[in-house]
$ cat upload06.cif   # mmCIF, C-alpha atoms
data_upload
loop_
_atom_site.label_atom_id
_atom_site.label_comp_id
_atom_site.auth_asym_id
_atom_site.auth_seq_id
_atom_site.Cartn_x
_atom_site.Cartn_y
_atom_site.Cartn_z
CA MET A 1 0.00 0.00 0.00
CA LYS A 2 1.17 3.51 -0.72
CA GLN A 3 1.82 5.47 2.47
CA ILE A 4 2.06 9.21 1.93
CA VAL A 5 4.23 11.27 4.25
CA GLY A 6 2.80 14.79 4.33
CA VAL A 7 4.65 18.01 5.02
CA ALA A 8 6.07 17.91 8.58
CA ASP A 9 5.14 14.26 8.90
CA MET A 10 6.69 10.80 9.32
CA LYS A 11 5.79 7.21 8.44
CA VAL A 12 7.55 3.97 9.49
CA SER A 13 6.58 0.50 8.28
CA ASN A 14 7.63 -3.15 8.31
CA ASN A 15 4.87 -4.24 5.92
CA PRO A 16 6.56 -5.57 2.75
CA ALA A 17 3.56 -4.47 0.69
CA ASP A 18 4.12 -0.83 1.65
CA SER A 19 5.75 1.89 -0.38
CA ILE A 20 6.41 5.10 1.55
CA MET A 21 6.44 8.32 -0.42
CA THR A 22 6.81 12.05 0.15
CA TYR A 23 6.17 14.74 -2.43
CA SER A 24 7.76 18.05 -3.34
CA LEU A 25 10.48 18.63 -0.74
CA GLY A 26 11.59 22.14 -1.73
CA SER A 27 13.95 23.37 1.02
CA CYS A 28 12.58 20.70 3.37
CA ILE A 29 14.55 17.52 4.02
CA GLY A 30 13.33 14.01 3.29
CA LEU A 31 15.26 11.58 5.50
CA VAL A 32 15.00 7.91 4.54
CA ILE A 33 16.15 5.10 6.87
CA TYR A 34 16.05 1.35 6.16
CA ASP A 35 17.23 -1.79 7.94
CA SER A 36 17.56 -4.58 5.37
CA ILE A 37 17.64 -7.38 7.98
CA ALA A 38 14.55 -6.33 9.95
CA LYS A 39 13.01 -5.03 6.70
CA VAL A 40 11.88 -1.86 8.41
CA GLY A 41 12.02 1.60 6.91
CA GLY A 42 10.67 5.08 7.22
CA ILE A 43 10.67 8.61 5.89
CA LEU A 44 10.62 11.91 7.79
CA HIS A 45 9.71 15.13 5.92
CA TYR A 46 10.77 18.09 8.08
CA MET A 47 10.71 21.77 7.17
CA LEU A 48 12.86 23.71 9.61
CA PRO A 49 16.18 23.24 11.43
CA GLU A 50 15.59 24.09 15.08
CA SER A 51 12.58 23.69 17.36
CA GLY A 52 14.01 26.50 19.51
CA ILE A 53 12.02 29.09 17.53
CA ASP A 54 8.80 27.81 19.11
CA LYS A 55 8.72 24.95 21.64
CA ILE A 56 4.92 24.90 21.74
CA LYS A 57 4.66 24.35 17.99
CA ALA A 58 7.33 21.66 18.26
CA GLN A 59 5.17 19.88 20.83
CA LYS A 60 2.13 20.13 18.57
CA ASN A 61 4.07 18.75 15.61
CA PRO A 62 7.60 17.50 16.38
CA TYR A 63 8.04 16.34 12.76
CA MET A 64 8.28 19.96 11.65
CA PHE A 65 11.85 20.35 12.96
CA ALA A 66 15.11 18.46 12.43
CA ASP A 67 16.07 18.28 16.11
CA THR A 68 12.70 16.95 17.28
CA GLY A 69 11.77 14.89 14.20
CA ILE A 70 14.96 12.90 13.51
CA PRO A 71 15.10 11.08 16.91
CA ARG A 72 11.43 10.13 16.52
CA LEU A 73 12.06 8.58 13.10
CA PHE A 74 14.81 6.36 14.51
CA LYS A 75 12.75 5.44 17.59
CA GLY A 76 9.82 4.59 15.30
CA ALA A 77 12.02 2.09 13.44
CA TYR A 78 13.51 0.64 16.66
CA LYS A 79 9.97 -0.32 17.71
CA PHE A 80 9.99 -2.75 14.77
CA ASP A 81 13.40 -4.19 15.84
CA ALA A 82 15.51 -2.09 13.48
CA LYS A 83 19.13 -1.55 14.60
CA LYS A 84 21.04 1.67 14.05
CA SER A 85 24.19 -0.19 13.01
CA ARG A 86 22.38 -1.88 10.10
CA MET A 87 20.56 1.14 8.80
CA LYS A 88 20.94 2.58 5.35
CA ILE A 89 20.54 6.38 5.56
CA CYS A 90 19.58 8.57 2.58
CA VAL A 91 19.03 12.33 2.63
CA PHE A 92 17.20 14.39 -0.01
CA GLY A 93 15.96 17.96 -0.44
CA GLY A 94 17.36 21.07 1.20
CA ALA A 95 17.01 22.93 -2.10
CA GLN A 96 17.41 26.67 -2.40
CA ILE A 97 16.15 29.45 -4.59
CA LEU A 98 18.94 30.67 -6.92
CA ASP A 99 21.43 32.95 -5.10
CA GLN A 100 19.77 32.25 -1.72
CA SER A 101 22.69 32.54 0.64
CA GLY A 102 23.48 33.09 4.32
CA PHE A 103 20.79 32.91 6.98
CA PHE A 104 17.97 33.00 4.44
CA ASN A 105 19.17 29.69 3.03
CA ILE A 106 16.75 27.47 4.93
CA GLY A 107 17.58 24.47 2.72
CA ASN A 108 21.21 24.52 3.77
CA ARG A 109 20.35 25.21 7.41
CA ASN A 110 17.99 22.22 7.37
CA TYR A 111 20.84 20.05 6.12
CA MET A 112 23.35 21.41 8.67
CA ALA A 113 20.89 20.71 11.49
CA LEU A 114 20.70 17.08 10.35
CA LYS A 115 24.50 16.80 10.19
CA LYS A 116 24.69 18.13 13.73
CA VAL A 117 22.25 15.50 15.06
CA PHE A 118 24.05 12.75 13.10
CA PHE A 119 27.49 13.85 14.31
CA LYS A 120 26.37 13.73 17.95
CA ASN A 121 24.83 10.29 17.46
CA LYS A 122 27.54 8.83 15.21
CA VAL A 123 25.26 8.26 12.23
CA ILE A 124 26.79 8.12 8.75
CA ILE A 125 24.88 9.08 5.60
CA ASP A 126 25.06 6.49 2.80
CA THR A 127 23.55 8.56 0.01
CA GLU A 128 22.56 12.19 -0.29
CA GLN A 129 21.12 14.44 -2.97
CA VAL A 130 20.93 17.80 -1.28
CA GLY A 131 20.83 21.42 -2.40
CA GLY A 132 20.59 22.95 -5.84
CA ALA A 133 17.38 24.55 -7.09
CA ALA A 134 15.66 21.23 -7.80
CA ASN A 135 12.46 20.03 -6.24
CA ARG A 136 12.48 16.37 -5.21
CA THR A 137 9.91 13.63 -4.60
CA ILE A 138 11.08 10.39 -2.94
CA ARG A 139 9.82 6.83 -2.51
CA LEU A 140 10.97 3.87 -0.41
CA GLU A 141 9.87 0.28 -1.02
CA ILE A 142 9.79 -1.67 2.22
CA LYS A 143 10.18 -5.13 0.67
CA SER A 144 13.44 -4.35 -1.17
CA GLY A 145 14.67 -1.18 0.52
CA ASP A 146 14.95 0.42 -2.90
CA VAL A 147 14.84 4.22 -2.88
CA PHE A 148 13.65 6.28 -5.86
CA VAL A 149 13.97 10.01 -6.41
CA LYS A 150 12.18 12.23 -8.91
CA THR A 151 13.96 15.54 -9.41
CA SER A 152 12.23 18.48 -11.13
CA GLY A 153 13.20 18.64 -14.79
CA SER A 154 14.22 14.95 -14.84
CA LYS A 155 12.65 11.47 -14.65
CA GLU A 156 12.45 9.28 -11.53
CA VAL A 157 15.62 7.27 -10.89
CA LYS A 158 16.54 4.45 -8.52
CA ILE A 159 19.31 5.31 -6.09
CA MET B 1 2.55 33.75 -37.02
CA SER B 2 5.12 34.69 -34.37
CA THR B 3 4.76 33.18 -30.90
CA ILE B 4 3.95 36.54 -29.34
CA LYS B 5 1.19 37.25 -31.88
CA GLU B 6 -0.18 33.74 -31.28
CA LEU B 7 -0.17 34.36 -27.52
CA ILE B 8 -1.97 37.69 -27.91
CA LYS B 9 -4.63 35.94 -29.95
CA GLU B 10 -4.96 33.25 -27.30
CA ILE B 11 -5.37 35.83 -24.55
CA LYS B 12 -8.18 37.50 -26.50
CA ASN B 13 -10.00 34.16 -26.65
CA LEU B 14 -9.44 33.49 -22.95
CA LYS B 15 -12.56 33.02 -20.87
CA PRO B 16 -12.98 36.23 -18.86
CA ILE B 17 -12.47 36.16 -15.10
CA PRO B 18 -15.82 36.50 -13.28
CA ALA B 19 -16.96 40.14 -13.32
CA ILE B 20 -17.08 40.25 -9.53
CA VAL B 21 -13.28 39.85 -9.30
CA ASN B 22 -12.91 42.89 -11.47
CA GLN B 23 -15.43 44.91 -9.49
CA ILE B 24 -13.76 43.99 -6.20
CA THR B 25 -10.20 44.62 -7.40
CA MET B 26 -11.28 48.06 -8.68
CA ALA B 27 -13.11 48.77 -5.41
CA ILE B 28 -10.18 47.89 -3.13
CA ASP B 29 -8.00 50.26 -5.11
CA ASP B 30 -10.46 53.15 -4.69
CA PRO B 31 -9.94 55.03 -1.41
CA ASN B 32 -13.56 56.28 -1.51
CA CYS B 33 -14.99 52.78 -1.59
CA SER B 34 -16.44 51.60 1.73
CA ALA B 35 -16.96 48.11 3.15
CA LYS B 36 -20.68 48.61 2.51
CA ASP B 37 -20.04 49.21 -1.20
CA ILE B 38 -18.12 45.96 -1.40
CA ALA B 39 -20.83 44.06 0.51
CA ASN B 40 -23.32 45.38 -2.06
CA ILE B 41 -21.21 44.14 -4.97
CA ILE B 42 -21.31 40.66 -3.42
CA ARG B 43 -24.96 40.75 -2.34
CA PHE B 44 -26.21 41.35 -5.88
CA ASP B 45 -24.50 38.27 -7.24
CA PRO B 46 -26.59 35.30 -6.07
CA SER B 47 -24.17 32.53 -7.04
CA VAL B 48 -21.25 34.29 -5.36
CA THR B 49 -23.38 34.87 -2.26
CA ALA B 50 -24.37 31.19 -2.15
CA ASN B 51 -20.77 30.06 -2.50
CA LEU B 52 -19.59 32.55 0.09
CA LEU B 53 -22.10 31.24 2.63
CA LYS B 54 -21.06 27.66 1.87
CA ILE B 55 -17.40 28.51 2.58
CA CYS B 56 -18.27 30.46 5.74
CA ASN B 57 -20.17 27.44 7.04
CA SER B 58 -17.39 24.98 6.16
CA ALA B 59 -15.00 23.27 8.57
CA TYR B 60 -12.35 25.90 7.75
CA PHE B 61 -14.02 28.39 10.06
CA GLY B 62 -15.79 26.00 12.43
CA LEU B 63 -18.33 28.70 13.40
CA PRO B 64 -20.80 27.74 16.15
CA ASN B 65 -23.87 29.18 14.37
CA PRO B 66 -24.67 29.06 10.66
CA VAL B 67 -23.99 32.23 8.64
CA GLU B 68 -27.11 33.07 6.67
CA SER B 69 -26.43 36.35 4.87
CA VAL B 70 -23.60 38.45 3.44
CA GLN B 71 -24.20 40.91 6.31
CA ASP B 72 -23.76 38.10 8.85
CA ALA B 73 -20.60 36.98 7.11
CA VAL B 74 -19.16 40.50 7.11
CA SER B 75 -19.94 41.11 10.77
CA ILE B 76 -18.57 37.75 11.92
CA LEU B 77 -15.49 37.43 9.72
CA GLY B 78 -14.77 41.03 8.75
CA MET B 79 -14.72 42.66 5.35
CA ASN B 80 -11.15 41.69 4.44
CA GLN B 81 -11.81 38.02 4.97
CA ILE B 82 -15.00 38.18 2.89
CA ILE B 83 -13.17 39.84 0.00
CA GLU B 84 -10.53 37.11 0.18
CA LEU B 85 -13.10 34.32 0.15
CA VAL B 86 -14.94 35.78 -2.84
CA LEU B 87 -11.65 36.14 -4.73
CA ILE B 88 -10.54 32.62 -3.80
CA LYS B 89 -13.84 31.17 -4.97
CA SER B 90 -13.84 33.16 -8.21
CA GLY B 91 -10.20 32.55 -9.06
CA ALA B 92 -10.31 28.77 -8.56
CA LYS B 93 -11.63 27.98 -12.02
CA ALA B 94 -8.94 29.98 -13.83
CA LEU B 95 -6.05 28.47 -11.86
CA SER B 96 -7.00 24.86 -11.00
CA LYS B 97 -6.30 23.05 -14.25
CA LYS B 98 -3.33 20.76 -14.78
CA GLN B 99 -0.31 22.62 -16.23
CA LYS B 100 1.62 20.04 -18.22
CA GLY B 101 4.56 22.23 -19.27
CA TYR B 102 5.23 23.33 -15.69
CA GLY B 103 4.63 19.77 -14.42
CA LEU B 104 1.79 20.79 -12.14
CA HIS B 105 -0.99 18.25 -11.55
CA GLU B 106 -4.56 19.39 -11.33
CA GLY B 107 -5.11 21.68 -8.36
CA ILE B 108 -1.42 22.15 -7.52
CA MET B 109 -1.14 25.65 -8.97
CA TRP B 110 -4.30 26.61 -7.13
CA LYS B 111 -2.89 25.28 -3.85
CA HIS B 112 0.19 27.43 -4.41
CA ALA B 113 -1.98 30.47 -5.23
CA VAL B 114 -4.11 30.17 -2.09
CA SER B 115 -1.17 29.27 0.18
CA SER B 116 1.00 32.14 -1.01
CA ALA B 117 -1.93 34.57 -0.74
CA LEU B 118 -2.55 33.50 2.88
CA ILE B 119 1.17 33.87 3.61
CA SER B 120 1.14 37.37 2.08
CA LYS B 121 -1.44 38.33 4.73
CA GLU B 122 0.92 37.21 7.47
CA ILE B 123 3.75 39.27 5.98
CA CYS B 124 1.50 42.35 5.76
CA LYS B 125 0.59 41.88 9.43
CA LYS B 126 4.21 41.41 10.49
CA THR B 127 5.63 44.32 8.50
CA LYS B 128 2.58 46.60 8.84
CA LEU B 129 3.27 47.51 5.24
CA GLY B 130 1.37 47.35 1.97
CA ASN B 131 -2.26 47.32 0.92
CA GLU B 132 -3.39 43.95 2.30
CA ASN B 133 -6.30 43.38 -0.08
CA LEU B 134 -4.37 44.43 -3.16
CA ILE B 135 -1.44 42.21 -2.16
CA PHE B 136 -3.70 39.25 -1.36
CA THR B 137 -5.39 39.48 -4.77
CA ALA B 138 -2.16 39.99 -6.67
CA THR B 139 -0.52 37.05 -4.89
CA LEU B 140 -3.50 34.85 -5.70
CA LEU B 141 -3.43 35.73 -9.40
CA LYS B 142 0.32 36.32 -9.99
CA ASP B 143 0.84 33.12 -12.00
CA ILE B 144 -2.16 33.54 -14.29
CA GLY B 145 0.31 33.90 -17.18
CA LYS B 146 1.42 30.29 -16.64
CA THR B 147 -2.03 29.02 -17.65
CA VAL B 148 -1.56 30.37 -21.19
CA LEU B 149 2.21 29.98 -21.45
CA ASP B 150 2.02 26.34 -20.30
CA ARG B 151 1.58 24.83 -23.77
CA TYR B 152 4.55 26.81 -25.09
CA VAL B 153 6.68 25.77 -22.12
CA SER B 154 5.65 22.17 -22.77
CA ASN B 155 6.62 22.39 -26.46
CA SER B 156 10.02 23.95 -25.67
CA PHE B 157 10.65 22.17 -22.38
CA GLU B 158 13.96 20.56 -23.34
CA LYS B 159 15.43 23.88 -24.46
CA ILE B 160 14.20 25.70 -21.35
CA ILE B 161 15.39 23.08 -18.85
CA THR B 162 18.79 22.84 -20.57
CA LEU B 163 19.31 26.59 -20.07
CA VAL B 164 18.30 26.19 -16.40
CA GLN B 165 20.34 23.07 -15.64
CA LYS B 166 23.41 23.77 -17.76
CA LYS B 167 23.67 27.53 -18.27
CA GLY B 168 22.59 28.97 -14.91
CA TYR B 169 19.41 30.62 -16.20
CA SER B 170 16.43 31.03 -13.90
CA PHE B 171 13.29 29.35 -15.23
CA ARG B 172 11.78 32.79 -15.94
CA GLU B 173 14.88 33.92 -17.82
CA ALA B 174 14.80 30.71 -19.86
CA GLU B 175 11.10 31.22 -20.71
CA LYS B 176 11.92 34.70 -21.94
CA LYS B 177 14.94 33.54 -23.94
CA VAL B 178 13.22 30.56 -25.61
CA ILE B 179 9.61 31.74 -26.01
CA GLY B 180 10.24 35.49 -26.14
CA ILE B 181 8.04 36.32 -23.16
CA ASP B 182 7.89 35.19 -19.51
CA HIS B 183 4.83 34.23 -17.43
CA GLY B 184 4.90 37.56 -15.54
CA GLU B 185 4.74 39.63 -18.72
CA LEU B 186 2.06 37.40 -20.17
CA GLY B 187 0.13 37.55 -16.88
CA ALA B 188 0.24 41.36 -17.07
CA MET B 189 -1.21 41.20 -20.60
CA ILE B 190 -4.04 39.02 -19.34
CA ALA B 191 -4.61 41.35 -16.38
CA THR B 192 -4.77 44.29 -18.82
CA GLN B 193 -7.31 42.44 -20.93
CA TRP B 194 -9.33 41.83 -17.76
CA LYS B 195 -9.11 45.57 -17.01
CA PHE B 196 -7.38 45.14 -13.66
CA SER B 197 -5.97 48.26 -11.96
CA SER B 198 -2.56 49.49 -13.11
CA LYS B 199 -1.09 48.61 -9.68
CA MET B 200 -2.31 45.03 -9.98
CA ILE B 201 -0.99 44.70 -13.54
CA ASN B 202 2.39 46.01 -12.40
CA ILE B 203 2.64 43.54 -9.51
CA ILE B 204 1.75 40.58 -11.73
CA ARG B 205 4.31 41.67 -14.35
CA HIS B 206 7.14 42.09 -11.84
CA HIS B 207 6.36 39.45 -9.22
CA HIS B 208 9.80 37.80 -9.67
CA LEU B 209 11.47 41.20 -9.20
CA SER B 210 13.78 40.74 -12.16
CA ASP B 211 13.53 44.48 -12.89
CA LYS B 212 15.76 46.26 -10.34
CA SER B 213 13.70 49.47 -10.62
CA GLN B 214 10.76 47.62 -8.98
CA GLN B 215 12.68 46.24 -6.01
CA LYS B 216 11.78 49.16 -3.73
CA ASN B 217 8.06 48.65 -4.36
CA THR B 218 6.82 47.27 -1.03
CA ASP B 219 3.65 45.68 -2.45
CA ILE B 220 5.65 43.70 -5.02
CA ALA B 221 8.29 42.79 -2.42
CA ILE B 222 5.62 41.20 -0.20
CA VAL B 223 4.08 39.26 -3.11
CA TYR B 224 7.59 38.15 -4.06
CA LEU B 225 8.47 36.99 -0.53
CA SER B 226 5.19 35.03 -0.25
CA ASP B 227 6.08 33.21 -3.45
CA CYS B 228 9.61 32.46 -2.16
CA ILE B 229 8.29 31.05 1.14
CA CYS B 230 5.91 28.75 -0.75
CA MET B 231 8.75 27.57 -2.95
CA MET B 232 10.90 26.79 0.11
CA MET B 233 7.99 24.83 1.59
CA GLY B 234 7.64 22.90 -1.67
CA ILE B 235 4.04 24.02 -2.12
CA GLY B 236 2.84 23.99 -5.71
CA ILE B 237 6.19 23.78 -7.41
CA GLY B 238 6.68 21.68 -10.49
CA GLU B 239 9.36 21.07 -13.09
CA ASP B 240 10.62 24.65 -12.61
CA GLY B 241 11.66 23.67 -9.07
CA LEU B 242 13.13 26.57 -7.10
CA ALA B 243 14.96 27.94 -10.14
CA TYR B 244 14.07 31.61 -9.62
CA ARG B 245 16.29 34.43 -8.39
CA PHE B 246 16.49 35.24 -4.69
CA HIS B 247 16.82 38.91 -3.64
CA GLY B 248 17.86 38.90 0.01
CA ASP B 249 18.16 42.71 0.12
CA VAL B 250 14.51 43.14 -0.81
CA ILE B 251 13.54 40.94 2.14
CA LYS B 252 15.89 42.79 4.50
CA ASN B 253 14.27 46.07 3.38
CA LEU B 254 10.95 44.69 4.61
CA ASN B 255 12.64 44.17 8.00
CA ILE B 256 11.94 40.45 7.75
CA THR B 257 14.57 38.15 9.28
CA HIS B 258 15.23 34.46 8.67
CA THR B 259 13.59 33.76 12.05
CA ASP B 260 10.44 35.60 10.90
CA ILE B 261 10.37 33.37 7.83
CA ALA B 262 10.80 30.24 9.96
CA VAL B 263 7.93 31.35 12.23
CA ILE B 264 5.69 32.04 9.20
CA ILE B 265 6.51 28.56 7.85
CA ALA B 266 5.81 26.90 11.22
CA ASP B 267 2.50 28.75 11.69
CA PHE B 268 1.39 27.94 8.18
CA THR B 269 2.28 24.26 8.57
CA LEU B 270 0.10 23.90 11.64
CA GLU B 271 -2.77 25.48 9.67
CA MET B 272 -2.18 23.30 6.61
CA GLN B 273 -5.13 20.99 7.20
CA LYS B 274 -7.42 24.00 7.50
CA VAL B 275 -6.03 25.36 4.24
CA GLU B 276 -6.70 22.00 2.55
CA ASN B 277 -10.28 22.22 3.81
CA LEU B 278 -10.61 25.74 2.41
CA ILE B 279 -9.28 24.63 -0.96
CA SER B 280 -11.63 21.65 -1.04
CA VAL B 281 -14.71 23.86 -0.63
CA THR B 282 -13.61 26.40 -3.26
#
$ encode --input "upload06.cif" --output "structure tokens"
Amino acid sequence: MKQIVGVADMKVSNNPADSIMTYSLGSCIGLVIYDSIAKVGGILHYMLPESGIDKIKAQKNPYMFADTGIPRLFKGAYKFDAKKSRMKICVFGGAQILDQSGFFNIGNRNYMALKKVFFKNKVIIDTEQVGGAANRTIRLEIKSGDVFVKTSGSKEVKI
Amino acid sequence: MSTIKELIKEIKNLKPIPAIVNQITMAIDDPNCSAKDIANIIRFDPSVTANLLKICNSAYFGLPNPVESVQDAVSILGMNQIIELVLIKSGAKALSKKQKGYGLHEGIMWKHAVSSALISKEICKKTKLGNENLIFTATLLKDIGKTVLDRYVSNSFEKIITLVQKKGYSFREAEKKVIGIDHGELGAMIATQWKFSSKMINIIRHHHLSDKSQQKNTDIAIVYLSDCICMMMGIGIGEDGLAYRFHGDVIKNLNITHTDIAVIIADFTLEMQKVENLISVT
């Protein structure tokens, strides 16, 4: 079954019939994790780097921010017996409008926030397609762990 | 026939925007026009009134008691909100269709239009700048040129996307280079045909702020920033992606910081379901 991850949302599954998908990332980040032994995977689609700008909103929807969303994605997979050491990690999105630099570059700040969380927790990224002015849509198949990305201006490709 | 001549012919054959949009856009530009005048414009159009009441009574507002007249609607929701709802309802038809060239499925362009227009309101509130109604309407209709240019973008897509991906062009610059006109210019021609106010036409023409002489125009700057925020959020973007120029100075001139933008994005995200409900009833 197709499971759609909305904006500021997360889905984890161990059902081999599932395909998890998130559309149109823009400057948001789509984080894909998959454990090929437990056959568990998930996608988080977060929009902003730090929950510090508004703790109340982060409580209402923790998936909106990197620092509150990423740990929940991993914990969601652990519930289905996934192990961090076996996980394949793919990162997509973080795009920017042309010439969008410095603090206004939310895409880059979203990516840096993820790197910070990963550095602290010793997580290594296997594949990433981050930045540029391209819009991305991603899909994960639970049965195989295959990840597909559709980038604006190009056709969908398997990673 | 040259492409531009063909486009002009196509614009002339375009179905006109409902008359009420025109009447309201003229009215909000006229300092002598009162809220009562606008309520009267709406009241005398039965189908618009019926639709307005349907939206007011939808889940988007969750009002405890049913709204039964335009007067009720104005007193409960305020004049600005009523103008917005009428414009949203009337603009939906023109902007909802699938746009193949831009890679926008049915309804996606409309979602972008409504989302960016709602964001423009937040920017007006935050900056205390600009004519809120004018900006809301212009933001809603800014991409009207895409609806006509779409077929030409589709026919020349490979050329356009090559300029964007290989030569550093923005999508708008590539449209202009390949087709001879961009969606802002074409939108302004449509707006002229629809007899919109000169301010509205100017905003639609320059909403990507490619003309430096327009960058100090606060109304356009707010429309521009609303569009940028929607692009960052990935709302209603297609094969053009985020390939438009960013003008950080324009945003700084509005006294908007990156934290303000993050707060606007967070607020809007929490309201997203409500926005979906609003779109589904329009």
$ atom_distance --input "upload06.cif" --atom1 "atom CA of B:Ile256" --atom2 "atom CA of A:Asp54"
17.3 Å
$ residues_around --input "upload06.cif" --residues "stretch 154-165 of chain B" --least-positions-apart "3" --cutoff "7 Å" --atoms "only C-alpha atoms" --output "PyMOL selection string"
(chain A and resi 153) or (chain B and resi 100-101+150-151+168-171+174-175+178)
$ resolve_selection --input "upload06.cif" --expression "the PyMOL selection byres ((chain A) within 9 of (chain B))" --output "VMD selection string"
chain A and resid 7 to 8 23 to 28 47 to 49 53 to 54 57 to 58 60 to 61 64 94 to 101 103 to 107 132 to 136 151 to 154
$ resolve_selection --input "upload06.cif" --expression "the PyMOL selection byres ((chain B and resi 183) around 12)" --output "PDB file with C-alpha atoms, keeping the file's coordinate frame"
ATOM      1  CA  LEU B   7      -0.170  34.360 -27.520  1.00  0.00           C
ATOM      2  CA  TYR B 102       5.230  23.330 -15.690  1.00  0.00           C
ATOM      3  CA  LEU B 141      -3.430  35.730  -9.400  1.00  0.00           C
ATOM      4  CA  LYS B 142       0.320  36.320  -9.990  1.00  0.00           C
ATOM      5  CA  ASP B 143       0.840  33.120 -12.000  1.00  0.00           C
ATOM      6  CA  ILE B 144      -2.160  33.540 -14.290  1.00  0.00           C
ATOM      7  CA  GLY B 145       0.310  33.900 -17.180  1.00  0.00           C
ATOM      8  CA  LYS B 146       1.420  30.290 -16.640  1.00  0.00           C
ATOM      9  CA  THR B 147      -2.030  29.020 -17.650  1.00  0.00           C
ATOM     10  CA  VAL B 148      -1.560  30.370 -21.190  1.00  0.00           C
ATOM     11  CA  LEU B 149       2.210  29.980 -21.450  1.00  0.00           C
ATOM     12  CA  ASP B 150       2.020  26.340 -20.300  1.00  0.00           C
ATOM     13  CA  ARG B 151       1.580  24.830 -23.770  1.00  0.00           C
ATOM     14  CA  TYR B 152       4.550  26.810 -25.090  1.00  0.00           C
ATOM     15  CA  VAL B 153       6.680  25.770 -22.120  1.00  0.00           C
ATOM     16  CA  PHE B 171      13.290  29.350 -15.230  1.00  0.00           C
ATOM     17  CA  ARG B 172      11.780  32.790 -15.940  1.00  0.00           C
ATOM     18  CA  GLU B 173      14.880  33.920 -17.820  1.00  0.00           C
ATOM     19  CA  ALA B 174      14.800  30.710 -19.860  1.00  0.00           C
ATOM     20  CA  GLU B 175      11.100  31.220 -20.710  1.00  0.00           C
ATOM     21  CA  LYS B 176      11.920  34.700 -21.940  1.00  0.00           C
ATOM     22  CA  ILE B 179       9.610  31.740 -26.010  1.00  0.00           C
ATOM     23  CA  GLY B 180      10.240  35.490 -26.140  1.00  0.00           C
ATOM     24  CA  ILE B 181       8.040  36.320 -23.160  1.00  0.00           C
ATOM     25  CA  ASP B 182       7.890  35.190 -19.510  1.00  0.00           C
ATOM     26  CA  GLY B 184       4.900  37.560 -15.540  1.00  0.00           C
ATOM     27  CA  GLU B 185       4.740  39.630 -18.720  1.00  0.00           C
ATOM     28  CA  LEU B 186       2.060  37.400 -20.170  1.00  0.00           C
ATOM     29  CA  GLY B 187       0.130  37.550 -16.880  1.00  0.00           C
ATOM     30  CA  ALA B 188       0.240  41.360 -17.070  1.00  0.00           C
ATOM     31  CA  MET B 189      -1.210  41.200 -20.600  1.00  0.00           C
ATOM     32  CA  ILE B 190      -4.040  39.020 -19.340  1.00  0.00           C
ATOM     33  CA  ALA B 191      -4.610  41.350 -16.380  1.00  0.00           C
ATOM     34  CA  ILE B 204       1.750  40.580 -11.730  1.00  0.00           C
ATOM     35  CA  ARG B 205       4.310  41.670 -14.350  1.00  0.00           C
ATOM     36  CA  HIS B 206       7.140  42.090 -11.840  1.00  0.00           C
ATOM     37  CA  HIS B 207       6.360  39.450  -9.220  1.00  0.00           C
ATOM     38  CA  HIS B 208       9.800  37.800  -9.670  1.00  0.00           C
TER      39      HIS B 208
END
$ residues_near_point --input "upload06.cif" --point "(-12.8, 35.4, -15.5)" --cutoff "10 Å" --atoms "all atoms listed in the file" --output "PyMOL selection string"
chain B and resi 14-22+90-94+194
$ closest_residue --input "upload06.cif" --among "B:Lys274, B:Ser280, B:Leu140, B:Ile11" --to "B:Phe61" --atoms "all atoms listed in the file"
B:Lys274
$ atom_distance --input "upload06.cif" --atom1 "atom CA of A:Pro71" --atom2 "atom CA of A:Met21"
19.6 Å
$ resolve_selection --input "upload06.cif" --expression "the PyMOL selection byres ((chain A and resi 63) around 9)" --output "ChimeraX atom specification"
/A:7-10,44-47,58,61-62,64-70,72-73
$ atom_distance --input "upload06.cif" --atom1 "atom CA of A:Gly93" --atom2 "atom CA of A:Ile29"
4.7 Å
$ closest_residue --input "upload06.cif" --among "A:Gln3, A:Ser13, A:Thr137, A:Asn108" --to "A:Asp35" --atoms "all atoms listed in the file"
A:Ser13
